[in-house]
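Data block for upload.cif (mmCIF, C-alpha atoms):
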data_start
loop_
_atom_site.label_atom_id
_atom_site.label_comp_id
_atom_site.auth_asym_id
_atom_site.auth_seq_id
_atom_site.Cartn_x
_atom_site.Cartn_y
_atom_site.Cartn_z
CA MET A 1 -4.96 8.29 21.38
CA ILE A 2 -4.93 10.50 18.29
CA PRO A 3 -2.18 9.70 15.81
CA SER A 4 0.44 12.43 15.47
CA LEU A 5 0.90 14.30 12.19
CA VAL A 6 4.39 13.67 10.82
CA PHE A 7 4.26 15.26 7.36
CA TYR A 8 1.84 17.47 5.45
CA SER A 9 2.27 19.21 2.10
CA SER A 10 -1.35 19.48 0.91
CA SER A 11 -1.03 16.28 -1.13
CA GLU A 12 -4.25 14.98 -2.64
CA LEU A 13 -3.41 11.30 -2.26
CA LEU A 14 -0.64 9.92 -0.05
CA GLU A 15 -0.21 6.15 -0.31
CA GLY A 16 2.02 3.11 -0.11
CA PRO A 17 4.05 3.47 3.12
CA VAL A 18 6.87 0.93 3.39
CA PHE A 19 9.32 0.82 6.29
CA ASP A 20 12.91 -0.36 5.81
CA LYS A 21 13.48 -1.99 9.20
CA GLU A 22 17.12 -2.78 8.49
CA ASN A 23 18.12 0.80 7.71
CA ASN A 24 15.37 2.73 9.53
CA TYR A 25 13.79 4.67 6.66
CA LEU A 26 10.16 5.17 5.70
CA TYR A 27 9.13 5.46 2.06
CA PHE A 28 5.75 6.63 0.78
CA VAL A 29 4.29 8.23 -2.34
CA SER A 30 2.03 11.08 -3.41
CA ILE A 31 0.33 9.31 -6.31
CA LEU A 32 -1.07 12.16 -8.37
CA ASP A 33 1.88 14.49 -7.68
CA CYS A 34 4.19 11.76 -9.08
CA LEU A 35 6.36 12.11 -5.96
CA VAL A 36 8.29 9.49 -3.96
CA TYR A 37 9.40 10.33 -0.42
CA CYS A 38 12.18 9.04 1.84
CA TYR A 39 11.75 9.92 5.53
CA ASN A 40 14.38 9.49 8.24
CA PRO A 41 12.59 9.14 11.61
CA SER A 42 15.83 9.83 13.52
CA THR A 43 16.67 13.16 11.89
CA LYS A 44 13.17 14.04 10.55
CA GLU A 45 14.73 14.69 7.14
CA ILE A 46 12.45 14.12 4.15
CA LEU A 47 13.78 13.72 0.62
CA SER A 48 11.62 13.52 -2.49
CA MET A 49 11.99 12.51 -6.12
CA LYS A 50 9.55 13.37 -8.90
CA LEU A 51 8.70 11.02 -11.77
CA ASP A 52 6.84 11.78 -14.99
CA SER A 53 3.66 9.80 -14.29
CA PRO A 54 1.53 8.75 -11.29
CA VAL A 55 3.41 6.56 -8.81
CA SER A 56 1.88 3.96 -6.52
CA CYS A 57 4.16 1.81 -4.39
CA VAL A 58 7.70 1.10 -3.25
CA PHE A 59 9.80 -2.07 -3.11
CA LEU A 60 12.95 -2.07 -0.97
CA LEU A 61 16.32 -2.81 -2.59
CA LYS A 62 19.27 -1.44 -0.59
CA ARG A 63 20.01 1.40 1.86
CA LYS A 64 18.16 4.43 0.44
CA ILE A 65 17.70 2.64 -2.89
CA ILE A 66 14.21 1.52 -3.90
CA LEU A 67 12.15 0.30 -6.82
CA VAL A 68 9.01 2.35 -7.40
CA SER A 69 6.10 1.68 -9.74
CA SER A 70 4.82 4.45 -11.98
CA LYS A 71 2.35 4.39 -14.84
CA ASN A 72 5.29 4.66 -17.25
CA GLY A 73 7.28 1.81 -15.70
CA PHE A 74 9.27 0.66 -12.69
CA PHE A 75 12.13 2.95 -11.71
CA GLU A 76 15.10 2.45 -9.44
CA ILE A 77 15.53 5.53 -7.27
CA ASP A 78 18.75 6.18 -5.35
CA PHE A 79 18.13 8.66 -2.54
CA ASN A 80 21.88 8.68 -1.83
CA THR A 81 22.53 10.39 -5.17
CA LEU A 82 18.99 11.54 -6.11
CA GLN A 83 19.30 9.63 -9.38
CA LYS A 84 16.66 7.48 -11.09
CA LYS A 85 16.60 4.98 -13.93
CA LEU A 86 13.97 2.88 -15.69
CA VAL A 87 14.33 -0.83 -14.84
CA PHE A 88 11.36 -2.53 -16.53
CA GLN A 89 7.77 -2.17 -17.61
CA ILE A 90 4.82 -4.55 -17.72
CA ASP A 91 2.54 -4.39 -20.74
CA ILE A 92 -0.48 -2.71 -19.15
CA ASP A 93 -3.40 -1.06 -20.92
CA LYS A 94 -3.29 2.71 -21.41
CA SER A 95 -6.50 3.04 -19.41
CA VAL A 96 -5.00 1.69 -16.15
CA ARG A 97 -2.26 2.54 -13.68
CA TYR A 98 -0.52 0.55 -10.98
CA ASN A 99 -1.78 0.67 -7.40
CA ASP A 100 -0.77 -1.37 -4.33
CA GLY A 101 2.03 -3.92 -4.43
CA ILE A 102 4.19 -6.19 -2.29
CA LYS A 103 7.17 -8.54 -2.61
CA ASP A 104 6.65 -12.23 -1.97
CA PRO A 105 9.07 -14.15 0.31
CA ILE A 106 11.50 -14.92 -2.55
CA GLY A 107 11.41 -11.47 -4.13
CA ARG A 108 8.68 -11.56 -6.77
CA VAL A 109 7.02 -8.20 -7.35
CA ILE A 110 3.26 -8.55 -6.89
CA ILE A 111 1.29 -5.51 -8.05
CA GLY A 112 -2.29 -4.63 -8.96
CA THR A 113 -3.79 -2.16 -11.41
CA MET A 114 -6.90 0.01 -11.57
CA GLY A 115 -8.62 2.26 -14.12
CA TYR A 116 -6.97 5.62 -14.75
CA PRO A 117 -7.86 8.44 -15.15
CA GLU A 118 -11.30 6.91 -14.60
CA VAL A 119 -12.08 3.91 -12.42
CA LYS A 120 -13.81 1.22 -14.46
CA GLU A 121 -15.25 -2.07 -13.26
CA LYS A 122 -13.17 -5.21 -13.58
CA ILE A 123 -10.46 -3.90 -15.91
CA GLY A 124 -7.73 -4.31 -13.29
CA ARG A 125 -5.39 -7.24 -12.73
CA VAL A 126 -2.80 -8.41 -10.24
CA PHE A 127 0.55 -9.20 -11.83
CA SER A 128 3.58 -11.15 -10.68
CA TYR A 129 7.00 -10.08 -12.01
CA TYR A 130 10.23 -12.01 -11.47
CA LYS A 131 13.56 -12.13 -13.30
CA GLY A 132 12.33 -10.38 -16.43
CA GLU A 133 9.05 -12.29 -16.80
CA TYR A 134 5.54 -11.42 -15.68
CA LYS A 135 2.13 -13.04 -15.55
CA THR A 136 -1.39 -12.30 -14.36
CA ILE A 137 -2.34 -14.06 -11.12
CA ILE A 138 -5.71 -12.39 -10.37
CA LYS A 139 -8.10 -11.07 -13.04
CA ASN A 140 -11.16 -8.81 -13.23
CA THR A 141 -10.40 -6.48 -10.33
CA THR A 142 -11.69 -2.93 -10.06
CA ILE A 143 -9.47 -1.17 -7.48
CA SER A 144 -6.64 -3.53 -6.57
CA ASN A 145 -5.52 -2.45 -3.14
CA GLY A 146 -4.13 -4.05 0.03
CA LEU A 147 -1.84 -7.08 -0.19
CA ALA A 148 -0.36 -9.03 2.72
CA PHE A 149 1.26 -12.44 3.11
CA SER A 150 0.66 -14.78 6.02
CA HIS A 151 3.86 -15.29 8.00
CA ASP A 152 4.40 -18.79 6.62
CA GLY A 153 4.03 -17.47 3.05
CA LYS A 154 1.27 -19.96 2.27
CA PHE A 155 -1.53 -17.43 1.90
CA LEU A 156 -1.97 -14.06 0.22
CA TYR A 157 -4.61 -11.66 1.52
CA PHE A 158 -5.96 -9.25 -1.09
CA ILE A 159 -8.40 -6.32 -1.17
CA ASP A 160 -10.39 -5.27 -4.24
CA THR A 161 -11.88 -2.20 -2.57
CA PRO A 162 -15.40 -2.06 -4.11
CA THR A 163 -16.11 -5.63 -2.95
CA LYS A 164 -15.69 -4.43 0.68
CA LYS A 165 -14.03 -7.77 1.39
CA VAL A 166 -10.62 -9.25 2.12
CA ALA A 167 -9.99 -12.34 0.01
CA LYS A 168 -7.66 -15.17 0.96
CA TYR A 169 -5.67 -17.01 -1.71
CA ALA A 170 -3.51 -20.09 -1.36
CA TYR A 171 -0.04 -19.09 -2.57
CA ASP A 172 2.40 -21.47 -4.25
CA LEU A 173 5.84 -20.10 -3.47
CA LYS A 174 7.50 -22.31 -6.10
CA THR A 175 5.36 -21.15 -9.03
CA GLY A 176 3.95 -17.84 -7.77
CA GLU A 177 0.42 -19.01 -8.62
CA VAL A 178 -2.61 -18.26 -6.46
CA LYS A 179 -5.89 -20.08 -5.83
CA PHE A 180 -8.89 -18.37 -4.29
CA LYS A 181 -9.92 -19.93 -0.97
CA SER A 182 -12.51 -17.64 0.59
CA ASN A 183 -13.45 -14.12 1.63
CA VAL A 184 -12.29 -13.86 5.23
CA ILE A 185 -13.37 -10.32 6.18
CA GLU A 186 -16.36 -8.24 5.11
CA PHE A 187 -16.91 -4.53 5.76
CA THR A 188 -20.50 -3.53 6.43
CA GLY A 189 -20.03 0.06 7.62
CA ALA A 190 -19.21 3.32 5.87
CA GLY A 191 -15.53 2.52 5.44
CA ASN A 192 -14.11 0.76 2.40
CA PRO A 193 -10.97 -1.38 2.82
CA ASP A 194 -7.90 0.16 1.20
CA GLY A 195 -4.27 -0.64 2.07
CA MET A 196 -3.28 -3.03 4.83
CA CYS A 197 -0.42 -4.66 6.70
CA ILE A 198 -0.01 -7.69 8.95
CA ASP A 199 1.33 -7.64 12.51
CA LYS A 200 3.52 -10.13 14.38
CA SER A 201 0.46 -12.04 15.56
CA GLY A 202 -0.97 -12.44 12.06
CA MET A 203 -3.69 -9.83 12.56
CA LEU A 204 -4.54 -7.51 9.64
CA TRP A 205 -4.52 -3.73 10.08
CA ILE A 206 -6.65 -2.16 7.38
CA ALA A 207 -6.98 1.48 6.30
CA GLU A 208 -10.60 2.49 5.74
CA TRP A 209 -11.30 4.91 2.89
CA GLY A 210 -14.33 6.93 3.92
CA GLY A 211 -14.26 5.36 7.36
CA GLY A 212 -11.78 7.68 9.05
CA CYS A 213 -9.92 4.90 10.81
CA ILE A 214 -7.49 2.02 10.91
CA SER A 215 -9.18 -1.22 11.95
CA LYS A 216 -7.61 -4.43 13.27
CA TRP A 217 -9.03 -7.79 12.17
CA ASN A 218 -8.49 -11.48 12.78
CA PRO A 219 -8.40 -13.14 9.32
CA LEU A 220 -8.94 -16.59 10.87
CA ASN A 221 -12.48 -15.80 12.02
CA GLY A 222 -13.31 -12.45 10.38
CA GLU A 223 -13.62 -10.71 13.75
CA LYS A 224 -13.00 -6.99 14.07
CA ILE A 225 -10.79 -6.50 17.11
CA GLU A 226 -10.42 -2.74 17.39
CA GLU A 227 -10.73 0.56 15.56
CA ILE A 228 -8.51 3.63 15.81
CA LYS A 229 -9.87 6.94 14.56
CA LEU A 230 -7.96 9.50 12.50
CA PRO A 231 -8.83 13.20 12.06
CA CYS A 232 -9.77 12.74 8.40
CA SER A 233 -12.08 10.43 6.49
CA ASN A 234 -9.95 8.94 3.71
CA VAL A 235 -7.32 6.64 5.22
CA THR A 236 -5.29 4.93 2.51
CA SER A 237 -2.64 2.59 3.92
CA CYS A 238 -0.35 1.70 6.82
CA CYS A 239 2.87 -0.08 7.76
CA PHE A 240 4.77 -1.03 10.91
CA ASP A 241 8.14 0.34 11.97
CA ASN A 242 10.81 -1.31 14.14
CA TYR A 243 8.81 -0.60 17.29
CA SER A 244 5.57 -2.17 16.02
CA ASN A 245 4.04 1.29 15.72
CA LEU A 246 2.12 2.40 12.63
CA TYR A 247 2.78 4.93 9.91
CA ILE A 248 -0.50 5.84 8.20
CA THR A 249 -1.13 7.65 4.91
CA THR A 250 -4.30 9.58 4.11
CA ALA A 251 -5.99 11.45 1.24
CA LYS A 252 -7.96 14.66 0.91
CA GLU A 253 -11.72 14.91 0.86
CA ASP A 254 -13.72 17.20 -1.40
CA PHE A 255 -14.50 19.90 1.14
CA LYS A 256 -12.40 22.76 2.52
CA GLU A 257 -12.88 21.81 6.17
CA ASP A 258 -10.68 18.75 5.68
CA ILE A 259 -7.37 20.11 7.01
CA TYR A 260 -5.67 16.78 7.75
CA GLY A 261 -6.44 14.63 4.70
CA GLY A 262 -3.31 14.05 2.66
CA GLY A 263 -1.12 13.90 5.76
CA LEU A 264 1.25 11.22 7.04
CA PHE A 265 0.51 10.10 10.61
CA TYR A 266 2.32 8.07 13.26
CA LEU A 267 0.50 5.96 15.82
CA GLU A 268 2.27 4.63 18.92
CA LEU A 269 0.31 1.46 19.59
CA ASP A 270 2.13 0.71 22.85
CA LYS A 271 0.48 3.82 24.31
CA ILE A 272 -3.06 2.74 23.52
#
Starting from the file, lay out its structure as structure tokens.
Amino acid sequence: MIPSLVFYSSSELLEGPVFDKENNYLYFVSILDCLVYCYNPSTKEILSMKLDSPVSCVFLLKRKIILVSSKNGFFEIDFNTLQKKLVFQIDIDKSVRYNDGIKDPIGRVIIGTMGYPEVKEKIGRVFSYYKGEYKTIIKNTTISNGLAFSHDGKFLYFIDTPTKKVAKYAYDLKTGEVKFKSNVIEFTGAGNPDGMCIDKSGMLWIAEWGGGCISKWNPLNGEKIEEIKLPCSNVTSCCFDNYSNLYITTAKEDFKEDIYGGGLFYLELDKI
């Protein structure tokens, strides 16, 4: 089954889909356009807010109210009123921007960085922010991407894209500290692991940049279970909705024939 195209506005780089299962809204970003989107699957309405620097990911707060990371800080955006306000900033270098992020089970903001406007090796970090304080939990990353917690909260899965691996860290919920355990998945094909999410069975669904697909993996044995193709090469991230179906973001390629890259797709897994 080919995923259906939900939204397209010729964006260069869509990323960071997050689904609010309590209120039934999807949020995602267009990084380089500095845009944050709120999509209502019931009415098909899409709202957007523009910030003054590249945005990367969304953290849920309340109904139609989110926290979004931008190079110039973390902003609270209220899609009820279309208002925004700066909440906090982490002291990051001028040569990096934020990329993927996630909340831990008690509400810490976990977020990685990468070189910007140029990608540079090992200048990125993964930060943890909580109650006005932040610290580095992973150092020397290049393109900090997918983050996912095991369902018991004891392990954090993390992708530094150029390594072509998914790393597993022991996670201390009390302190927010991590300890590297092992690399549990390795990509050997054309695709590079980008964003990811975890399903109800603990399997990882990983977007493949340059691979034109979403792939499903078992992190317990490193086995690739299945692969679902998309009509464009650069697949950036994914998330589940209330029906265990996937929303998938993509990015443009560098040739004119790419007419789907930069679109938002929906994949009904129960029909596969």
Residues matched by the PyMOL selection byres ((chain A and resi 250-263) around 7) as a CSV table (one decimal) with C-alpha atoms, in the frame of the given file:
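As written to disk, out28.csv reads:
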chain,number,residue,atom,x,y,z
A,5,LEU,CA,0.9,14.3,12.2
A,7,PHE,CA,4.3,15.3,7.4
A,8,TYR,CA,1.8,17.5,5.4
A,10,SER,CA,-1.4,19.5,0.9
A,11,SER,CA,-1.0,16.3,-1.1
A,12,GLU,CA,-4.2,15.0,-2.6
A,13,LEU,CA,-3.4,11.3,-2.3
A,14,LEU,CA,-0.6,9.9,0.0
A,15,GLU,CA,-0.2,6.2,-0.3
A,231,PRO,CA,-8.8,13.2,12.1
A,232,CYS,CA,-9.8,12.7,8.4
A,234,ASN,CA,-10.0,8.9,3.7
A,235,VAL,CA,-7.3,6.6,5.2
A,236,THR,CA,-5.3,4.9,2.5
A,248,ILE,CA,-0.5,5.8,8.2
A,249,THR,CA,-1.1,7.6,4.9
A,264,LEU,CA,1.2,11.2,7.0
A,265,PHE,CA,0.5,10.1,10.6
(request) List the residues matched by the PyMOL selection byres ((chain A and resi 63-75) around 8) in the displayed structure as number ranges by chain, ordered by chain and then by residue number. (result) A: 23, 25, 34, 36, 38, 51-62, 76-80, 84-90, 96-98
(request) For CA of Ile31 in chain A and CA of Glu45 in chain A, determine how far apart the two atoms are, in Å to one decimal place. (result) 20.4 Å
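The space between CA of Pro17 in chain A and CA of Tyr247 in chain A spans 7.1 Å.
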(request) State, in Å with one decimal place, the distance from CA of Lys216 in chain A to CA of Tyr37 in chain A. (result)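 CA of Tyr37 in chain A lies at a distance of 26.4 Å from CA of Lys216 in chain A.
Considering all atoms listed in the file, the residue among A:Gly191, A:Gly202, A:Pro3, A:Gly124 positioned nearest to Leu269 in chain A is A:Pro3.
Using all atoms listed in the file, the smallest distance between any of A:Val18, A:Ile2, A:Ile123, A:Ile185 and Lys224 in chain A comes from A:Ile185.
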Atoms added to range 147-174 of chain A (N, CA and C atoms), reported as a PDB file, keeping the file's coordinate frame:
ATOM      1  N   LEU A 147      -2.424  -5.747  -0.029  1.00  0.00           N
ATOM      2  CA  LEU A 147      -1.840  -7.080  -0.190  1.00  0.00           C
ATOM      3  C   LEU A 147      -1.019  -7.398   1.048  1.00  0.00           C
ATOM      4  N   ALA A 148      -1.153  -8.611   1.554  1.00  0.00           N
ATOM      5  CA  ALA A 148      -0.360  -9.030   2.720  1.00  0.00           C
ATOM      6  C   ALA A 148      -0.199 -10.543   2.689  1.00  0.00           C
ATOM      7  N   PHE A 149       0.990 -11.002   3.031  1.00  0.00           N
ATOM      8  CA  PHE A 149       1.260 -12.440   3.110  1.00  0.00           C
ATOM      9  C   PHE A 149       1.151 -12.927   4.542  1.00  0.00           C
ATOM     10  N   SER A 150       0.601 -14.121   4.716  1.00  0.00           N
ATOM     11  CA  SER A 150       0.660 -14.780   6.020  1.00  0.00           C
ATOM     12  C   SER A 150       2.133 -15.034   6.339  1.00  0.00           C
ATOM     13  N   HIS A 151       2.443 -15.189   7.610  1.00  0.00           N
ATOM     14  CA  HIS A 151       3.860 -15.290   8.000  1.00  0.00           C
ATOM     15  C   HIS A 151       4.543 -16.536   7.460  1.00  0.00           C
ATOM     16  N   ASP A 152       3.784 -17.587   7.187  1.00  0.00           N
ATOM     17  CA  ASP A 152       4.400 -18.790   6.620  1.00  0.00           C
ATOM     18  C   ASP A 152       4.469 -18.734   5.090  1.00  0.00           C
ATOM     19  N   GLY A 153       3.958 -17.646   4.492  1.00  0.00           N
ATOM     20  CA  GLY A 153       4.030 -17.470   3.050  1.00  0.00           C
ATOM     21  C   GLY A 153       3.056 -18.335   2.263  1.00  0.00           C
ATOM     22  N   LYS A 154       2.181 -19.043   2.949  1.00  0.00           N
ATOM     23  CA  LYS A 154       1.270 -19.960   2.270  1.00  0.00           C
ATOM     24  C   LYS A 154      -0.005 -19.288   1.753  1.00  0.00           C
ATOM     25  N   PHE A 155      -0.293 -18.095   2.291  1.00  0.00           N
ATOM     26  CA  PHE A 155      -1.530 -17.430   1.900  1.00  0.00           C
ATOM     27  C   PHE A 155      -1.271 -15.957   1.585  1.00  0.00           C
ATOM     28  N   LEU A 156      -2.007 -15.468   0.597  1.00  0.00           N
ATOM     29  CA  LEU A 156      -1.970 -14.060   0.220  1.00  0.00           C
ATOM     30  C   LEU A 156      -3.338 -13.462   0.478  1.00  0.00           C
ATOM     31  N   TYR A 157      -3.367 -12.396   1.280  1.00  0.00           N
ATOM     32  CA  TYR A 157      -4.610 -11.660   1.520  1.00  0.00           C
ATOM     33  C   TYR A 157      -4.658 -10.491   0.525  1.00  0.00           C
ATOM     34  N   PHE A 158      -5.841 -10.243  -0.029  1.00  0.00           N
ATOM     35  CA  PHE A 158      -5.960  -9.250  -1.090  1.00  0.00           C
ATOM     36  C   PHE A 158      -7.284  -8.496  -0.980  1.00  0.00           C
ATOM     37  N   ILE A 159      -7.214  -7.175  -1.217  1.00  0.00           N
ATOM     38  CA  ILE A 159      -8.400  -6.320  -1.170  1.00  0.00           C
ATOM     39  C   ILE A 159      -8.669  -5.741  -2.559  1.00  0.00           C
ATOM     40  N   ASP A 160      -9.848  -6.009  -3.089  1.00  0.00           N
ATOM     41  CA  ASP A 160     -10.390  -5.270  -4.240  1.00  0.00           C
ATOM     42  C   ASP A 160     -11.452  -4.369  -3.619  1.00  0.00           C
ATOM     43  N   THR A 161     -11.124  -3.091  -3.448  1.00  0.00           N
ATOM     44  CA  THR A 161     -11.880  -2.200  -2.570  1.00  0.00           C
ATOM     45  C   THR A 161     -13.402  -2.215  -2.757  1.00  0.00           C
ATOM     46  N   PRO A 162     -13.942  -2.123  -3.984  1.00  0.00           N
ATOM     47  CA  PRO A 162     -15.400  -2.060  -4.110  1.00  0.00           C
ATOM     48  C   PRO A 162     -16.139  -3.305  -3.604  1.00  0.00           C
ATOM     49  N   THR A 163     -15.456  -4.435  -3.481  1.00  0.00           N
ATOM     50  CA  THR A 163     -16.110  -5.630  -2.950  1.00  0.00           C
ATOM     51  C   THR A 163     -16.369  -5.524  -1.452  1.00  0.00           C
ATOM     52  N   LYS A 164     -15.615  -4.601  -0.785  1.00  0.00           N
ATOM     53  CA  LYS A 164     -15.690  -4.430   0.680  1.00  0.00           C
ATOM     54  C   LYS A 164     -15.320  -5.714   1.407  1.00  0.00           C
ATOM     55  N   LYS A 165     -14.441  -6.492   0.794  1.00  0.00           N
ATOM     56  CA  LYS A 165     -14.030  -7.770   1.390  1.00  0.00           C
ATOM     57  C   LYS A 165     -12.515  -7.942   1.308  1.00  0.00           C
ATOM     58  N   VAL A 166     -12.002  -8.800   2.192  1.00  0.00           N
ATOM     59  CA  VAL A 166     -10.620  -9.250   2.120  1.00  0.00           C
ATOM     60  C   VAL A 166     -10.650 -10.706   1.680  1.00  0.00           C
ATOM     61  N   ALA A 167     -10.024 -10.973   0.543  1.00  0.00           N
ATOM     62  CA  ALA A 167      -9.990 -12.340   0.010  1.00  0.00           C
ATOM     63  C   ALA A 167      -8.713 -13.039   0.433  1.00  0.00           C
ATOM     64  N   LYS A 168      -8.817 -14.348   0.597  1.00  0.00           N
ATOM     65  CA  LYS A 168      -7.660 -15.170   0.960  1.00  0.00           C
ATOM     66  C   LYS A 168      -7.369 -16.140  -0.172  1.00  0.00           C
ATOM     67  N   TYR A 169      -6.111 -16.129  -0.634  1.00  0.00           N
ATOM     68  CA  TYR A 169      -5.670 -17.010  -1.710  1.00  0.00           C
ATOM     69  C   TYR A 169      -4.570 -17.935  -1.199  1.00  0.00           C
ATOM     70  N   ALA A 170      -4.644 -19.195  -1.590  1.00  0.00           N
ATOM     71  CA  ALA A 170      -3.510 -20.090  -1.360  1.00  0.00           C
ATOM     72  C   ALA A 170      -2.391 -19.652  -2.301  1.00  0.00           C
ATOM     73  N   TYR A 171      -1.157 -19.586  -1.769  1.00  0.00           N
ATOM     74  CA  TYR A 171      -0.040 -19.090  -2.570  1.00  0.00           C
ATOM     75  C   TYR A 171       1.019 -20.174  -2.715  1.00  0.00           C
ATOM     76  N   ASP A 172       1.371 -20.477  -3.953  1.00  0.00           N
ATOM     77  CA  ASP A 172       2.400 -21.470  -4.250  1.00  0.00           C
ATOM     78  C   ASP A 172       3.720 -20.734  -4.425  1.00  0.00           C
ATOM     79  N   LEU A 173       4.589 -20.841  -3.442  1.00  0.00           N
ATOM     80  CA  LEU A 173       5.840 -20.100  -3.470  1.00  0.00           C
ATOM     81  C   LEU A 173       6.758 -20.552  -4.607  1.00  0.00           C
ATOM     82  N   LYS A 174       6.644 -21.799  -5.027  1.00  0.00           N
ATOM     83  CA  LYS A 174       7.500 -22.310  -6.100  1.00  0.00           C
ATOM     84  C   LYS A 174       7.116 -21.718  -7.451  1.00  0.00           C
TER      85      LYS A 174
END
